[in-house]
Amino acid sequence: MSRPEHTAPPEIFYNEDEATKYTSNSRIISIQNEMAWRALELLALPEDEVAFVLDIGCGSGLSGEVLEEEGHVWVGMDISDSMLEVAKEREVDGDLFLQDIGQGVGFRAGTFDGAISISVIQWLCNADKTVNNPRSRLKRFFSTLYSSLARGARAVFQFYPENPEQIEMIISSAMKAGFTGGLVVDFPNSSKAKKYYLCLFAGYKDNAKDSPALPKALGEGDEGVQVNYASKRVHTRRKEPVDRKAVKDKKWVQHKKELNRARGKDTPLDSKYTARKRRTKF
Amino acid sequence: MRLITHNMLQCHVKACPPGQSYPLQIRNAELEALDAEFNADFVRRLIPKLDWKVLRSTAFELGVAQLPEECPAEPTEDDLQMIHKVALQTRVKEAEMVCSGCGHVYPIKDGVPNMLLQDHEI
């Protein structure tokens with residue numbers, strides 16, 4: 001799997017070329033859209049209520065459009081100018097901010113009813129400048145996010161971890177900031193459909209046991225598409241040999257010979273060897 | 001940026017003295033009216049979150065509306081409509097936001113505030 005984090009920092013990687021993919025490439029759009037819906041589902045906002053939601057790394061506003069469809073009011077932030085330019089062209093309803101989330105989320109306490117983020121926080125694990133220490137950036141991000149969320153609000157992050165250490169680093173930073181919750185892995189048995197969602201709950205810092213249970217992942221166990229272990233070939237053996245009669249027996253051969261003779265063809269003479277099997281040795 | 005978001009926004013420079021990082025003063029503003037769907041429930045739930053004084057002074061300075069001194073305790077439909085108009089249908093298109101605590105200037109270009117900080121401000 002290619003890792004864009006290794007090529008360039010996000011504000012450079014997501015240039016105009018990359019940004020246009022998010023309006024023209026239907027595959028990217030459908031994947032982003034699907035993940036945004038799933039994130040919104042995991043966010044579990046109260047039904048039939050308009051919420052004030054933060055979209056972290058909103059990019060071209062694909063996830064924002066999902067929020068709009070559900071009628072929510074949203075605010076998005078992204079570090080890439082080109083992506084925000086695309087979002088402006090699409091005339092999204094949300095307020096856009098040019099912001100580096102590693103520098104913190106600057107909102108008053110209790111502002112948002114929820115936060116979603118699609119394919120973003122793995123970027124925080126990369127240090128592209130000497131001043132950028134991933135741990136301190138994660139710490140600053142999660143602690144400022146925690147304070148800007150309302151009590152009982154959730155934050156759902158879909159992300160692509162590079163290795164288990166990254167997951168560990170991200171989750172531990174979030175827990176240190178006061179969040180409860182954990183990782184939901186959808187379709188863990190599929191290499192393609194497997195998706196990581198970090199579900200965080202704000203406001204249970206001092207009473208972690210009141211924290212809601214982690215939502216159930218999709219495609220776990222028997223639900224998902226599974227492939228049986230197929231290294232051995234299965235041989236089905238017949239229990240009893242079936243008694244089959246030979247089609248071309250002595251009677252059939254003699255009948256054929258007779259016909260040929262009647263037609264005046266050259267036909268070998270009949271003998272005791274006619275239509276007899278050869279010895280196996282032969 | 002709509003005024004609802006401005007009402008929630010504070011300076012996030014690390015060295016900014018606490019208590020002074022809010023509100024950000026809007027200078028040289030160019031405004032734009034938006035069309036947003038009115039949802040009475042949302043506005044009603046928004047009221048306790050809003051800093052009324054800041055909303056009032058911002059709306060006054062920008063010449064959007066003259067809001068009452070105190071936030072209406074039991075808002076009528078008209079009050080909600082008015083808050084909706086000020087907070088959700090007014091957008092700052094071009095401006096500068098200045099933090100009164102540390103003096104950092106956040107420019108707003110084409111409706112998008114630039115919140116990026118310098119390395120020494122983190």
# chains A, B, ... in the order shown; residues from 1 in each chain; ligands from 1

call {"tool": "residues_around", "arguments": {"residues": "stretch 167-171 of chain A", "least_positions_apart": "5", "cutoff": "8 Å", "atoms": "only C-alpha atoms", "output": "list in words"}}
result
Arg135, Leu138, Pro161, Gly182 and Leu198 of chain A

call {"tool": "closest_atom_pairs", "arguments": {"of": "chain B", "to": "chain A", "cutoff": "8 Å", "atoms": "only C-alpha atoms", "output": "JSON lines"}}
result
{"residue": "B:Met1", "atom": "CA", "partner": "A:Asp95", "partner_atom": "CA", "distance": 5.1}
{"residue": "B:Arg2", "atom": "CA", "partner": "A:Asp95", "partner_atom": "CA", "distance": 6.7}
{"residue": "B:Thr5", "atom": "CA", "partner": "A:Asp95", "partner_atom": "CA", "distance": 7.5}
{"residue": "B:Met8", "atom": "CA", "partner": "A:Arg108", "partner_atom": "CA", "distance": 5.3}
{"residue": "B:Leu9", "atom": "CA", "partner": "A:Phe107", "partner_atom": "CA", "distance": 4.6}
{"residue": "B:Gln10", "atom": "CA", "partner": "A:Phe107", "partner_atom": "CA", "distance": 5.3}
{"residue": "B:Cys11", "atom": "CA", "partner": "A:Gly106", "partner_atom": "CA", "distance": 6.0}
{"residue": "B:His12", "atom": "CA", "partner": "A:Gly106", "partner_atom": "CA", "distance": 4.9}
{"residue": "B:Asn39", "atom": "CA", "partner": "A:Val50", "partner_atom": "CA", "distance": 7.8}
{"residue": "B:Asp41", "atom": "CA", "partner": "A:Glu49", "partner_atom": "CA", "distance": 7.6}
{"residue": "B:Phe42", "atom": "CA", "partner": "A:Val50", "partner_atom": "CA", "distance": 5.7}
{"residue": "B:Lys49", "atom": "CA", "partner": "A:Thr111", "partner_atom": "CA", "distance": 6.9}
{"residue": "B:Gly111", "atom": "CA", "partner": "A:Leu96", "partner_atom": "CA", "distance": 7.5}
{"residue": "B:Val112", "atom": "CA", "partner": "A:Phe97", "partner_atom": "CA", "distance": 5.3}
{"residue": "B:Pro113", "atom": "CA", "partner": "A:Phe97", "partner_atom": "CA", "distance": 5.3}
{"residue": "B:Asn114", "atom": "CA", "partner": "A:Leu98", "partner_atom": "CA", "distance": 4.8}
{"residue": "B:Met115", "atom": "CA", "partner": "A:Gln99", "partner_atom": "CA", "distance": 4.9}
{"residue": "B:Leu116", "atom": "CA", "partner": "A:Gln99", "partner_atom": "CA", "distance": 5.2}
{"residue": "B:Leu117", "atom": "CA", "partner": "A:Gln103", "partner_atom": "CA", "distance": 7.3}
{"residue": "B:Asp119", "atom": "CA", "partner": "A:Val131", "partner_atom": "CA", "distance": 7.1}
{"residue": "B:Ile122", "atom": "CA", "partner": "A:Gln103", "partner_atom": "CA", "distance": 6.1}

call {"tool": "closest_residue", "arguments": {"among": "B:Lys53, B:Arg27, B:Arg44, B:His120", "to": "B:Ala95", "atoms": "only C-alpha atoms"}}
result
B:Arg27

call {"tool": "select_by_dssp", "arguments": {"residues": "stretch 46-122 of chain B", "states": "strand (DSSP E)", "output": "PyMOL selection string"}}
result
chain B and resi 90-99+105-109+112-113

call {"tool": "write_last_selection", "arguments": {"atoms": "C-alpha atoms", "output": "PDB file, in the first residue's frame"}}
result
ATOM      1  CA  THR B  90     -24.164  36.345   8.135  1.00  0.00           C
ATOM      2  CA  ARG B  91     -20.819  35.398   6.734  1.00  0.00           C
ATOM      3  CA  VAL B  92     -17.560  37.270   7.019  1.00  0.00           C
ATOM      4  CA  LYS B  93     -15.969  37.148   3.603  1.00  0.00           C
ATOM      5  CA  GLU B  94     -12.834  39.233   3.901  1.00  0.00           C
ATOM      6  CA  ALA B  95     -11.430  40.526   7.179  1.00  0.00           C
ATOM      7  CA  GLU B  96      -8.708  40.353   9.753  1.00  0.00           C
ATOM      8  CA  MET B  97      -9.238  38.793  13.141  1.00  0.00           C
ATOM      9  CA  VAL B  98      -7.007  40.138  15.851  1.00  0.00           C
ATOM     10  CA  CYS B  99      -6.439  38.517  19.198  1.00  0.00           C
ATOM     11  CA  VAL B 105      -3.657  38.479  13.253  1.00  0.00           C
ATOM     12  CA  TYR B 106      -5.682  35.800  11.520  1.00  0.00           C
ATOM     13  CA  PRO B 107      -6.508  36.901   7.987  1.00  0.00           C
ATOM     14  CA  ILE B 108      -9.815  35.823   6.421  1.00  0.00           C
ATOM     15  CA  LYS B 109      -9.653  35.345   2.665  1.00  0.00           C
ATOM     16  CA  VAL B 112     -11.680  31.044   4.962  1.00  0.00           C
ATOM     17  CA  PRO B 113      -9.711  32.160   8.020  1.00  0.00           C
TER      18      PRO B 113
END

call {"tool": "atom_distance", "arguments": {"atom1": "atom CA of A:Met35", "atom2": "atom CA of A:Glu220"}}
result
17.2 Å

call {"tool": "residues_around", "arguments": {"residues": "A:Tyr204", "least_positions_apart": "4", "cutoff": "8 Å", "atoms": "only C-alpha atoms", "output": "list in words"}}
result
Arg151, Gly152, Gly178, Phe179, Thr180, Ala208, Lys209, Asp210 and Ser211 of chain A
